[in-house]
Amino acid sequence: MNHRARPAAGAPHVRIFEDADALARAAAGRFVEAAQAAVKASGRFSVALAGGNTPRKVYELLSGDEFSPRVDWARRHIFFGDERCVPPDHSESNYRMAQETLLSRVPVPPENVHRIEGVGDPAENARAYEDELRSFFGDVEWPEFDLVLLGLGDDGHTASLFPYTPALDAGGAWVAANRVEKLGALRITLTAPAISHARHVLFLVSGRSKASRLAEVVRGNFEPERLPAQSIRPVAGELEWFVDEEAAREL
Ligand code: 6PG
């Protein structure tokens, strides 16, 4: 493993919140601000949602009385950062989680919800999702999401970019099917450069189990193959980490 110095970049913006609820409220607020700014600038807002547990509260808040009226849902385009290779009604489906907590509760037009197909050949599904992204973003080298929400796994993964997996080196691909040996599973994921060209990337990290890995990712040597979350390095956009006190214990 080649331990390199972290390439020059601005200091990571880490904001620490008292607990998971405070973190979720702040993240919902950031979502609304990003959405309002994007609609003002371009008439639409594109967001890639994270899976996992941490964003649940954020999505529930966004679909509730306080935040939902502040969002013009008709101009929102909802994408996914990654998906498990399961049907959309499966308990492990990221789409299902987003559908239950957010999408079924807000007036987002169904054609604006761009889910990743989890059933069938993963490589073909990855290609189909990339085609869908390309028809949305147009003839550009990389997509420019207005906002990408991400989580951090205990092993340093983010989206479905797991340590030492093929999707970490996917060339010019925006989307990749990724075999994750330790899960004995296939996933479909946005690639690191596709995420890194977003205008705003927001990591949400909660809980004591994340503390040491978070410290390594944010403050440690640059080892993106071992710590794939480090491979998310916005090119021109903003990178923020919203973490709760438990997760921040070793920072
Ligand atoms: C997924 C993800 C994944 C997740 C992290 C953190 O599909 O599982 O998108 O990258 O964000 O594993 O998950 P938690 O929020 O559950 O800790």
# chains A, B, ... in the order shown; residues from 1 in each chain; ligands from 1
$ residues_around --residues "segment 38-42 of chain A" --least-positions-apart "6" --cutoff "10 Å" --atoms "only C-alpha atoms" --output "NGL selection string"
:A and (32 or 71-72 or 75-76 or 145-147 or 199)
$ write_last_selection --atoms "C-alpha atoms" --output "compact mmCIF listing (two decimals), in the first residue's frame"
# COMPACT_ATOMS: atom_id res chain seq x y z
CA VAL A 32 -33.54 22.89 1.45
CA VAL A 71 -39.30 22.70 -1.18
CA ASP A 72 -40.71 23.06 -4.69
CA ARG A 75 -38.44 20.82 -9.78
CA ARG A 76 -36.58 18.19 -7.82
CA PHE A 145 -25.24 16.97 -9.15
CA ASP A 146 -26.37 19.93 -7.08
CA LEU A 147 -26.13 17.79 -3.96
CA ARG A 199 -21.61 21.22 -6.49
$ residues_near_ligand --ligand "ligand 1" --cutoff "7 Å" --atoms "only C-alpha atoms and all ligand atoms" --output "compact mmCIF listing (two decimals) with N, CA, C and O atoms, in the first residue's frame"
# COMPACT_ATOMS: atom_id res chain seq x y z
N ALA A 50 -28.37 9.09 -0.28
CA ALA A 50 -27.58 8.00 0.33
C ALA A 50 -28.53 6.93 0.84
O ALA A 50 -29.69 7.20 1.17
N GLY A 51 -28.01 5.71 0.95
CA GLY A 51 -28.76 4.64 1.59
C GLY A 51 -28.33 4.53 3.04
O GLY A 51 -27.81 5.49 3.62
N GLY A 52 -28.50 3.35 3.61
CA GLY A 52 -28.10 3.16 5.01
C GLY A 52 -29.12 3.76 5.97
O GLY A 52 -30.21 4.18 5.56
N ASN A 53 -28.75 3.82 7.24
CA ASN A 53 -29.70 4.25 8.26
C ASN A 53 -29.67 5.73 8.59
O ASN A 53 -30.69 6.33 8.92
N THR A 54 -28.47 6.30 8.56
CA THR A 54 -28.32 7.68 9.03
C THR A 54 -29.26 8.67 8.33
O THR A 54 -29.82 9.55 8.99
N PRO A 55 -29.44 8.55 7.01
CA PRO A 55 -30.29 9.56 6.36
C PRO A 55 -31.79 9.42 6.60
O PRO A 55 -32.55 10.34 6.27
N GLY A 81 -27.19 7.42 -4.96
CA GLY A 81 -25.74 7.26 -5.00
C GLY A 81 -25.35 5.81 -5.20
O GLY A 81 -24.31 5.50 -5.78
N ASP A 82 -26.20 4.90 -4.70
CA ASP A 82 -25.90 3.48 -4.87
C ASP A 82 -27.16 2.66 -4.61
O ASP A 82 -28.16 3.18 -4.10
N GLU A 83 -27.09 1.41 -5.02
CA GLU A 83 -28.23 0.51 -4.79
C GLU A 83 -27.72 -0.91 -4.60
O GLU A 83 -26.67 -1.29 -5.11
N ARG A 84 -28.47 -1.64 -3.82
CA ARG A 84 -28.20 -3.07 -3.64
C ARG A 84 -28.92 -3.83 -4.76
O ARG A 84 -29.94 -3.36 -5.25
N ASN A 94 -32.31 0.56 -1.17
CA ASN A 94 -32.19 1.98 -0.83
C ASN A 94 -33.38 2.77 -1.37
O ASN A 94 -33.84 3.73 -0.76
N LEU A 150 -24.03 11.44 1.36
CA LEU A 150 -23.26 10.21 1.53
C LEU A 150 -23.21 9.80 2.99
O LEU A 150 -23.36 10.65 3.88
N GLY A 151 -22.98 8.50 3.22
CA GLY A 151 -22.72 8.01 4.56
C GLY A 151 -21.29 7.47 4.61
O GLY A 151 -20.60 7.43 3.59
N LEU A 152 -20.90 7.04 5.79
CA LEU A 152 -19.57 6.44 5.95
C LEU A 152 -19.75 5.09 6.63
O LEU A 152 -20.35 5.02 7.72
N GLY A 153 -19.23 4.04 6.00
CA GLY A 153 -19.29 2.72 6.62
C GLY A 153 -18.17 2.55 7.63
O GLY A 153 -17.14 3.24 7.56
N HIS A 157 -16.02 2.69 3.70
CA HIS A 157 -16.70 2.80 2.39
C HIS A 157 -17.66 3.98 2.40
O HIS A 157 -18.09 4.45 3.46
N THR A 158 -17.96 4.40 1.19
CA THR A 158 -19.05 5.36 1.02
C THR A 158 -19.78 5.01 -0.26
O THR A 158 -19.19 4.38 -1.15
N ALA A 159 -21.05 5.40 -0.38
CA ALA A 159 -21.90 4.87 -1.45
C ALA A 159 -21.65 3.35 -1.47
O ALA A 159 -21.62 2.74 -0.40
N SER A 160 -21.41 2.73 -2.64
CA SER A 160 -20.99 1.32 -2.60
C SER A 160 -19.57 1.19 -3.12
O SER A 160 -19.23 0.25 -3.84
N VAL A 205 -22.60 11.40 9.31
CA VAL A 205 -21.97 10.32 10.08
C VAL A 205 -22.41 10.40 11.54
O VAL A 205 -22.25 11.43 12.19
$ closest_residue --among "A:Trp241, A:Trp142, A:Phe80, A:Tyr59" --to "Arg105 of chain A" --atoms "only C-alpha atoms"
A:Tyr59
$ closest_residue --among "A:Glu225, A:Glu92, A:Glu130, A:Asp21" --to "Leu161 of chain A" --atoms "only C-alpha atoms"
A:Glu225
$ select_by_dssp --residues "segment 105-248 of chain A" --states "alpha helix (DSSP H)" --output "MDAnalysis selection string"
chainID A and resid 122:137 192:196 211:219
$ write_last_selection --atoms "N, CA and C atoms" --output "tab-separated table (two decimals), in the first residue's frame"
chain	number	residue	atom	x	y	z
A	122	PRO	N	-26.25	-6.76	-13.21
A	122	PRO	CA	-25.78	-5.51	-12.60
A	122	PRO	C	-24.99	-4.62	-13.55
A	123	ALA	N	-24.16	-5.24	-14.41
A	123	ALA	CA	-23.38	-4.41	-15.34
A	123	ALA	C	-24.31	-3.67	-16.30
A	124	GLU	N	-25.34	-4.38	-16.77
A	124	GLU	CA	-26.30	-3.72	-17.67
A	124	GLU	C	-27.08	-2.65	-16.94
A	125	ASN	N	-27.45	-2.93	-15.70
A	125	ASN	CA	-28.20	-1.94	-14.93
A	125	ASN	C	-27.35	-0.70	-14.66
A	126	ALA	N	-26.06	-0.91	-14.44
A	126	ALA	CA	-25.16	0.23	-14.23
A	126	ALA	C	-25.10	1.07	-15.50
A	127	ARG	N	-24.98	0.39	-16.64
A	127	ARG	CA	-24.92	1.11	-17.93
A	127	ARG	C	-26.22	1.88	-18.17
A	128	ALA	N	-27.34	1.24	-17.85
A	128	ALA	CA	-28.64	1.89	-18.08
A	128	ALA	C	-28.75	3.13	-17.19
A	129	TYR	N	-28.24	3.04	-15.97
A	129	TYR	CA	-28.32	4.21	-15.08
A	129	TYR	C	-27.41	5.32	-15.59
A	130	GLU	N	-26.24	4.93	-16.06
A	130	GLU	CA	-25.35	5.96	-16.62
A	130	GLU	C	-26.01	6.63	-17.82
A	131	ASP	N	-26.70	5.86	-18.67
A	131	ASP	CA	-27.41	6.45	-19.82
A	131	ASP	C	-28.45	7.45	-19.33
A	132	GLU	N	-29.16	7.07	-18.27
A	132	GLU	CA	-30.20	7.96	-17.75
A	132	GLU	C	-29.57	9.26	-17.22
A	133	LEU	N	-28.45	9.11	-16.53
A	133	LEU	CA	-27.75	10.31	-16.04
A	133	LEU	C	-27.28	11.16	-17.21
A	134	ARG	N	-26.74	10.50	-18.24
A	134	ARG	CA	-26.22	11.27	-19.38
A	134	ARG	C	-27.35	12.00	-20.09
A	135	SER	N	-28.53	11.40	-20.15
A	135	SER	CA	-29.58	12.15	-20.83
A	135	SER	C	-30.08	13.30	-19.96
A	136	PHE	N	-29.91	13.20	-18.67
A	136	PHE	CA	-30.31	14.31	-17.78
A	136	PHE	C	-29.25	15.43	-17.81
A	137	PHE	N	-27.98	15.06	-17.66
A	137	PHE	CA	-26.93	16.08	-17.52
A	137	PHE	C	-26.39	16.57	-18.87
A	192	ALA	N	-16.32	7.51	-7.83
A	192	ALA	CA	-15.81	8.66	-7.07
A	192	ALA	C	-15.74	9.94	-7.90
A	193	PRO	N	-15.24	9.88	-9.16
A	193	PRO	CA	-15.22	11.14	-9.91
A	193	PRO	C	-16.62	11.67	-10.20
A	194	ALA	N	-17.57	10.78	-10.42
A	194	ALA	CA	-18.95	11.25	-10.68
A	194	ALA	C	-19.49	11.99	-9.46
A	195	ILE	N	-19.14	11.51	-8.28
A	195	ILE	CA	-19.59	12.20	-7.06
A	195	ILE	C	-18.78	13.49	-6.86
A	196	SER	N	-17.50	13.41	-7.16
A	196	SER	CA	-16.61	14.54	-6.86
A	196	SER	C	-16.87	15.76	-7.74
A	211	ALA	N	-16.37	6.37	14.97
A	211	ALA	CA	-15.41	7.38	15.43
A	211	ALA	C	-13.99	7.19	14.91
A	212	SER	N	-13.43	5.97	15.06
A	212	SER	CA	-12.02	5.85	14.68
A	212	SER	C	-11.86	5.93	13.16
A	213	ARG	N	-12.81	5.33	12.43
A	213	ARG	CA	-12.69	5.38	10.98
A	213	ARG	C	-12.86	6.82	10.47
A	214	LEU	N	-13.78	7.53	11.08
A	214	LEU	CA	-13.98	8.93	10.66
A	214	LEU	C	-12.69	9.73	10.85
A	215	ALA	N	-12.03	9.51	12.00
A	215	ALA	CA	-10.79	10.25	12.26
A	215	ALA	C	-9.73	9.91	11.21
A	216	GLU	N	-9.65	8.62	10.85
A	216	GLU	CA	-8.68	8.23	9.83
A	216	GLU	C	-9.00	8.87	8.48
A	217	VAL	N	-10.29	8.84	8.13
A	217	VAL	CA	-10.68	9.36	6.82
A	217	VAL	C	-10.42	10.86	6.74
A	218	VAL	N	-10.75	11.55	7.79
A	218	VAL	CA	-10.68	13.01	7.74
A	218	VAL	C	-9.28	13.53	8.05
A	219	ARG	N	-8.61	12.88	8.99
A	219	ARG	CA	-7.31	13.43	9.43
A	219	ARG	C	-6.10	12.57	9.07
$ closest_residue --among "A:Leu49, A:Val58, A:Ala26, A:Leu204" --to "Val113 of chain A" --atoms "only C-alpha atoms"
A:Leu49
$ closest_residue --among "A:Ala236, A:Val47, A:Val86, A:Phe242" --to "Gly120 of chain A" --atoms "only C-alpha atoms"
A:Val86
$ atom_distance --atom1 "atom CA of Glu141 of chain A" --atom2 "atom CA of Pro234 of chain A"
14.8 Å
$ closest_residue --among "A:Pro163, A:Pro110, A:Gly29, A:Gly237" --to "Leu183 of chain A" --atoms "only C-alpha atoms"
A:Pro163
$ atom_distance --atom1 "atom CA of His197 of chain A" --atom2 "atom CA of Glu238 of chain A"
9.7 Å
$ residues_around --residues "Asp155 of chain A" --least-positions-apart "6" --cutoff "9 Å" --atoms "only C-alpha atoms" --output "list in words"
Phe162, Pro163, Lys210, Arg213, Arg226, Leu227 and Pro228 of chain A
$ write_last_selection --atoms "all heavy atoms" --output "compact mmCIF listing (two decimals), in the first residue's frame"
# COMPACT_ATOMS: atom_id res chain seq x y z
N PHE A 162 -16.45 0.23 -1.84
CA PHE A 162 -15.87 -0.50 -0.71
C PHE A 162 -14.36 -0.62 -0.88
O PHE A 162 -13.84 -0.57 -2.00
CB PHE A 162 -16.50 -1.90 -0.59
CG PHE A 162 -17.89 -1.87 0.00
CD1 PHE A 162 -18.97 -1.47 -0.78
CD2 PHE A 162 -18.11 -2.20 1.33
CE1 PHE A 162 -20.26 -1.42 -0.24
CE2 PHE A 162 -19.39 -2.15 1.88
CZ PHE A 162 -20.46 -1.76 1.10
N PRO A 163 -13.63 -0.80 0.24
CA PRO A 163 -12.17 -0.92 0.17
C PRO A 163 -11.73 -1.99 -0.83
O PRO A 163 -12.29 -3.10 -0.84
CB PRO A 163 -11.77 -1.31 1.60
CG PRO A 163 -12.87 -0.79 2.46
CD PRO A 163 -14.12 -0.89 1.63
N LYS A 210 -18.46 4.75 14.39
CA LYS A 210 -17.81 5.39 13.24
C LYS A 210 -16.58 6.21 13.64
O LYS A 210 -15.86 6.71 12.78
CB LYS A 210 -18.80 6.34 12.53
CG LYS A 210 -20.08 5.71 12.07
CD LYS A 210 -19.86 4.82 10.84
CE LYS A 210 -21.05 3.98 10.50
NZ LYS A 210 -22.17 4.72 9.94
N ARG A 213 -12.81 5.33 12.43
CA ARG A 213 -12.69 5.38 10.98
C ARG A 213 -12.86 6.82 10.47
O ARG A 213 -12.15 7.27 9.58
CB ARG A 213 -13.75 4.48 10.34
CG ARG A 213 -13.39 4.09 8.95
CD ARG A 213 -12.10 3.30 8.86
NE ARG A 213 -12.31 1.90 9.13
CZ ARG A 213 -11.34 1.02 9.32
NH1 ARG A 213 -10.08 1.40 9.31
NH2 ARG A 213 -11.61 -0.24 9.56
N ARG A 226 -7.88 1.91 0.61
CA ARG A 226 -8.28 1.33 1.91
C ARG A 226 -9.45 2.10 2.52
O ARG A 226 -10.29 1.53 3.22
CB ARG A 226 -7.09 1.37 2.88
CG ARG A 226 -7.38 0.72 4.22
CD ARG A 226 -6.14 0.63 5.10
NE ARG A 226 -5.72 1.89 5.65
CZ ARG A 226 -6.19 2.43 6.77
NH1 ARG A 226 -7.14 1.82 7.45
NH2 ARG A 226 -5.74 3.58 7.21
N LEU A 227 -9.49 3.40 2.25
CA LEU A 227 -10.51 4.28 2.83
C LEU A 227 -11.22 5.02 1.69
O LEU A 227 -10.95 6.20 1.43
CB LEU A 227 -9.86 5.31 3.77
CG LEU A 227 -9.06 4.74 4.94
CD1 LEU A 227 -8.25 5.84 5.62
CD2 LEU A 227 -10.00 4.08 5.95
N PRO A 228 -12.11 4.31 0.99
CA PRO A 228 -12.68 4.91 -0.22
C PRO A 228 -13.36 6.28 -0.01
O PRO A 228 -13.44 7.08 -0.94
CB PRO A 228 -13.68 3.86 -0.70
CG PRO A 228 -13.11 2.58 -0.20
CD PRO A 228 -12.53 2.92 1.15
$ residues_around --residues "Arg115 of chain A" --least-positions-apart "4" --cutoff "8 Å" --atoms "only C-alpha atoms" --output "list of chain:residue names"
A:Ile78, A:Phe79, A:Phe80, A:Tyr95
$ write_last_selection --atoms "N, CA, C and O atoms" --output "PDB file, in the first residue's frame"
ATOM      1  N   ILE A  78     -34.611  13.333  -8.213  1.00  0.00           N
ATOM      2  CA  ILE A  78     -34.045  12.482  -7.170  1.00  0.00           C
ATOM      3  C   ILE A  78     -33.292  11.324  -7.820  1.00  0.00           C
ATOM      4  O   ILE A  78     -33.883  10.531  -8.574  1.00  0.00           O
ATOM      5  N   PHE A  79     -32.026  11.248  -7.513  1.00  0.00           N
ATOM      6  CA  PHE A  79     -31.180  10.138  -7.979  1.00  0.00           C
ATOM      7  C   PHE A  79     -30.689   9.374  -6.746  1.00  0.00           C
ATOM      8  O   PHE A  79     -30.970   9.761  -5.602  1.00  0.00           O
ATOM      9  N   PHE A  80     -29.939   8.318  -7.003  1.00  0.00           N
ATOM     10  CA  PHE A  80     -29.410   7.503  -5.907  1.00  0.00           C
ATOM     11  C   PHE A  80     -27.905   7.338  -6.074  1.00  0.00           C
ATOM     12  O   PHE A  80     -27.420   7.148  -7.188  1.00  0.00           O
ATOM     13  N   TYR A  95     -33.872   2.349  -2.550  1.00  0.00           N
ATOM     14  CA  TYR A  95     -35.051   3.005  -3.111  1.00  0.00           C
ATOM     15  C   TYR A  95     -36.237   2.851  -2.157  1.00  0.00           C
ATOM     16  O   TYR A  95     -36.950   3.814  -1.879  1.00  0.00           O
TER      17      TYR A  95
END
$ select_by_dssp --residues "segment 41-151 of chain A" --states "strand (DSSP E)" --output "number ranges by chain"
A: 45-49, 76-80, 82-84, 147-151
$ residues_around --residues "Glu240 of chain A" --least-positions-apart "2" --cutoff "10 Å" --atoms "only C-alpha atoms" --output "PyMOL selection string"
chain A and resi 12-15+149+200-204+238+242-243
$ decode --residues "segment 37-64 of chain A" --atoms "N, CA, C and O atoms" --output "PDB file, in the first residue's frame"
ATOM      1  N   ALA A  37     -31.224  27.261  -3.859  1.00  0.00           N
ATOM      2  CA  ALA A  37     -30.169  27.925  -4.638  1.00  0.00           C
ATOM      3  C   ALA A  37     -30.115  27.362  -6.056  1.00  0.00           C
ATOM      4  O   ALA A  37     -29.971  28.109  -7.032  1.00  0.00           O
ATOM      5  N   ALA A  38     -30.250  26.048  -6.176  1.00  0.00           N
ATOM      6  CA  ALA A  38     -30.154  25.428  -7.509  1.00  0.00           C
ATOM      7  C   ALA A  38     -31.324  25.848  -8.388  1.00  0.00           C
ATOM      8  O   ALA A  38     -31.148  26.149  -9.571  1.00  0.00           O
ATOM      9  N   VAL A  39     -32.519  25.878  -7.812  1.00  0.00           N
ATOM     10  CA  VAL A  39     -33.688  26.244  -8.617  1.00  0.00           C
ATOM     11  C   VAL A  39     -33.561  27.697  -9.074  1.00  0.00           C
ATOM     12  O   VAL A  39     -33.881  28.037 -10.216  1.00  0.00           O
ATOM     13  N   LYS A  40     -33.043  28.539  -8.194  1.00  0.00           N
ATOM     14  CA  LYS A  40     -32.846  29.941  -8.568  1.00  0.00           C
ATOM     15  C   LYS A  40     -31.833  30.038  -9.720  1.00  0.00           C
ATOM     16  O   LYS A  40     -32.019  30.792 -10.671  1.00  0.00           O
ATOM     17  N   ALA A  41     -30.774  29.261  -9.644  1.00  0.00           N
ATOM     18  CA  ALA A  41     -29.710  29.355 -10.650  1.00  0.00           C
ATOM     19  C   ALA A  41     -30.070  28.671 -11.967  1.00  0.00           C
ATOM     20  O   ALA A  41     -29.737  29.168 -13.034  1.00  0.00           O
ATOM     21  N   SER A  42     -30.735  27.517 -11.894  1.00  0.00           N
ATOM     22  CA  SER A  42     -30.908  26.746 -13.137  1.00  0.00           C
ATOM     23  C   SER A  42     -32.325  26.240 -13.361  1.00  0.00           C
ATOM     24  O   SER A  42     -32.589  25.567 -14.350  1.00  0.00           O
ATOM     25  N   GLY A  43     -33.217  26.497 -12.426  1.00  0.00           N
ATOM     26  CA  GLY A  43     -34.599  26.052 -12.605  1.00  0.00           C
ATOM     27  C   GLY A  43     -34.861  24.622 -12.179  1.00  0.00           C
ATOM     28  O   GLY A  43     -35.989  24.143 -12.243  1.00  0.00           O
ATOM     29  N   ARG A  44     -33.833  23.917 -11.752  1.00  0.00           N
ATOM     30  CA  ARG A  44     -34.048  22.537 -11.295  1.00  0.00           C
ATOM     31  C   ARG A  44     -32.987  22.181 -10.257  1.00  0.00           C
ATOM     32  O   ARG A  44     -31.990  22.889 -10.106  1.00  0.00           O
ATOM     33  N   PHE A  45     -33.236  21.069  -9.565  1.00  0.00           N
ATOM     34  CA  PHE A  45     -32.332  20.635  -8.498  1.00  0.00           C
ATOM     35  C   PHE A  45     -32.124  19.136  -8.618  1.00  0.00           C
ATOM     36  O   PHE A  45     -33.092  18.380  -8.688  1.00  0.00           O
ATOM     37  N   SER A  46     -30.881  18.719  -8.668  1.00  0.00           N
ATOM     38  CA  SER A  46     -30.596  17.274  -8.759  1.00  0.00           C
ATOM     39  C   SER A  46     -29.870  16.836  -7.502  1.00  0.00           C
ATOM     40  O   SER A  46     -28.866  17.428  -7.117  1.00  0.00           O
ATOM     41  N   VAL A  47     -30.397  15.804  -6.882  1.00  0.00           N
ATOM     42  CA  VAL A  47     -29.781  15.298  -5.657  1.00  0.00           C
ATOM     43  C   VAL A  47     -29.613  13.791  -5.770  1.00  0.00           C
ATOM     44  O   VAL A  47     -30.485  13.093  -6.303  1.00  0.00           O
ATOM     45  N   ALA A  48     -28.482  13.287  -5.294  1.00  0.00           N
ATOM     46  CA  ALA A  48     -28.285  11.843  -5.187  1.00  0.00           C
ATOM     47  C   ALA A  48     -28.401  11.479  -3.711  1.00  0.00           C
ATOM     48  O   ALA A  48     -27.668  12.018  -2.869  1.00  0.00           O
ATOM     49  N   LEU A  49     -29.333  10.600  -3.415  1.00  0.00           N
ATOM     50  CA  LEU A  49     -29.588  10.218  -2.023  1.00  0.00           C
ATOM     51  C   LEU A  49     -28.639   9.107  -1.577  1.00  0.00           C
ATOM     52  O   LEU A  49     -28.213   8.278  -2.378  1.00  0.00           O
ATOM     53  N   ALA A  50     -28.370   9.092  -0.279  1.00  0.00           N
ATOM     54  CA  ALA A  50     -27.583   8.004   0.325  1.00  0.00           C
ATOM     55  C   ALA A  50     -28.528   6.929   0.839  1.00  0.00           C
ATOM     56  O   ALA A  50     -29.690   7.200   1.173  1.00  0.00           O
ATOM     57  N   GLY A  51     -28.005   5.710   0.947  1.00  0.00           N
ATOM     58  CA  GLY A  51     -28.763   4.642   1.589  1.00  0.00           C
ATOM     59  C   GLY A  51     -28.326   4.532   3.041  1.00  0.00           C
ATOM     60  O   GLY A  51     -27.809   5.486   3.622  1.00  0.00           O
ATOM     61  N   GLY A  52     -28.504   3.347   3.614  1.00  0.00           N
ATOM     62  CA  GLY A  52     -28.099   3.159   5.011  1.00  0.00           C
ATOM     63  C   GLY A  52     -29.117   3.761   5.967  1.00  0.00           C
ATOM     64  O   GLY A  52     -30.210   4.176   5.555  1.00  0.00           O
ATOM     65  N   ASN A  53     -28.749   3.821   7.236  1.00  0.00           N
ATOM     66  CA  ASN A  53     -29.704   4.254   8.260  1.00  0.00           C
ATOM     67  C   ASN A  53     -29.669   5.730   8.587  1.00  0.00           C
ATOM     68  O   ASN A  53     -30.691   6.335   8.917  1.00  0.00           O
ATOM     69  N   THR A  54     -28.467   6.302   8.556  1.00  0.00           N
ATOM     70  CA  THR A  54     -28.317   7.683   9.033  1.00  0.00           C
ATOM     71  C   THR A  54     -29.255   8.670   8.326  1.00  0.00           C
ATOM     72  O   THR A  54     -29.817   9.550   8.992  1.00  0.00           O
ATOM     73  N   PRO A  55     -29.443   8.551   7.012  1.00  0.00           N
ATOM     74  CA  PRO A  55     -30.288   9.557   6.356  1.00  0.00           C
ATOM     75  C   PRO A  55     -31.793   9.420   6.600  1.00  0.00           C
ATOM     76  O   PRO A  55     -32.554  10.339   6.272  1.00  0.00           O
ATOM     77  N   ARG A  56     -32.220   8.302   7.198  1.00  0.00           N
ATOM     78  CA  ARG A  56     -33.661   8.101   7.419  1.00  0.00           C
ATOM     79  C   ARG A  56     -34.328   9.318   8.058  1.00  0.00           C
ATOM     80  O   ARG A  56     -35.364   9.812   7.599  1.00  0.00           O
ATOM     81  N   LYS A  57     -33.710   9.786   9.137  1.00  0.00           N
ATOM     82  CA  LYS A  57     -34.297  10.916   9.864  1.00  0.00           C
ATOM     83  C   LYS A  57     -34.332  12.168   9.007  1.00  0.00           C
ATOM     84  O   LYS A  57     -35.245  12.982   9.124  1.00  0.00           O
ATOM     85  N   VAL A  58     -33.312  12.310   8.183  1.00  0.00           N
ATOM     86  CA  VAL A  58     -33.259  13.488   7.309  1.00  0.00           C
ATOM     87  C   VAL A  58     -34.447  13.433   6.343  1.00  0.00           C
ATOM     88  O   VAL A  58     -35.163  14.416   6.148  1.00  0.00           O
ATOM     89  N   TYR A  59     -34.667  12.255   5.750  1.00  0.00           N
ATOM     90  CA  TYR A  59     -35.749  12.122   4.782  1.00  0.00           C
ATOM     91  C   TYR A  59     -37.105  12.314   5.476  1.00  0.00           C
ATOM     92  O   TYR A  59     -38.015  12.931   4.916  1.00  0.00           O
ATOM     93  N   GLU A  60     -37.221  11.788   6.694  1.00  0.00           N
ATOM     94  CA  GLU A  60     -38.498  11.952   7.408  1.00  0.00           C
ATOM     95  C   GLU A  60     -38.757  13.430   7.708  1.00  0.00           C
ATOM     96  O   GLU A  60     -39.870  13.917   7.559  1.00  0.00           O
ATOM     97  N   LEU A  61     -37.709  14.135   8.088  1.00  0.00           N
ATOM     98  CA  LEU A  61     -37.880  15.570   8.333  1.00  0.00           C
ATOM     99  C   LEU A  61     -38.268  16.297   7.048  1.00  0.00           C
ATOM    100  O   LEU A  61     -39.152  17.151   7.038  1.00  0.00           O
ATOM    101  N   LEU A  62     -37.591  15.954   5.967  1.00  0.00           N
ATOM    102  CA  LEU A  62     -37.864  16.636   4.697  1.00  0.00           C
ATOM    103  C   LEU A  62     -39.295  16.428   4.228  1.00  0.00           C
ATOM    104  O   LEU A  62     -39.854  17.279   3.537  1.00  0.00           O
ATOM    105  N   SER A  63     -39.873  15.294   4.597  1.00  0.00           N
ATOM    106  CA  SER A  63     -41.245  15.039   4.150  1.00  0.00           C
ATOM    107  C   SER A  63     -42.273  15.548   5.166  1.00  0.00           C
ATOM    108  O   SER A  63     -43.481  15.454   4.935  1.00  0.00           O
ATOM    109  N   GLY A  64     -41.811  16.112   6.263  1.00  0.00           N
ATOM    110  CA  GLY A  64     -42.733  16.577   7.303  1.00  0.00           C
ATOM    111  C   GLY A  64     -43.150  18.035   7.125  1.00  0.00           C
ATOM    112  O   GLY A  64     -42.693  18.744   6.222  1.00  0.00           O
TER     113      GLY A  64
END
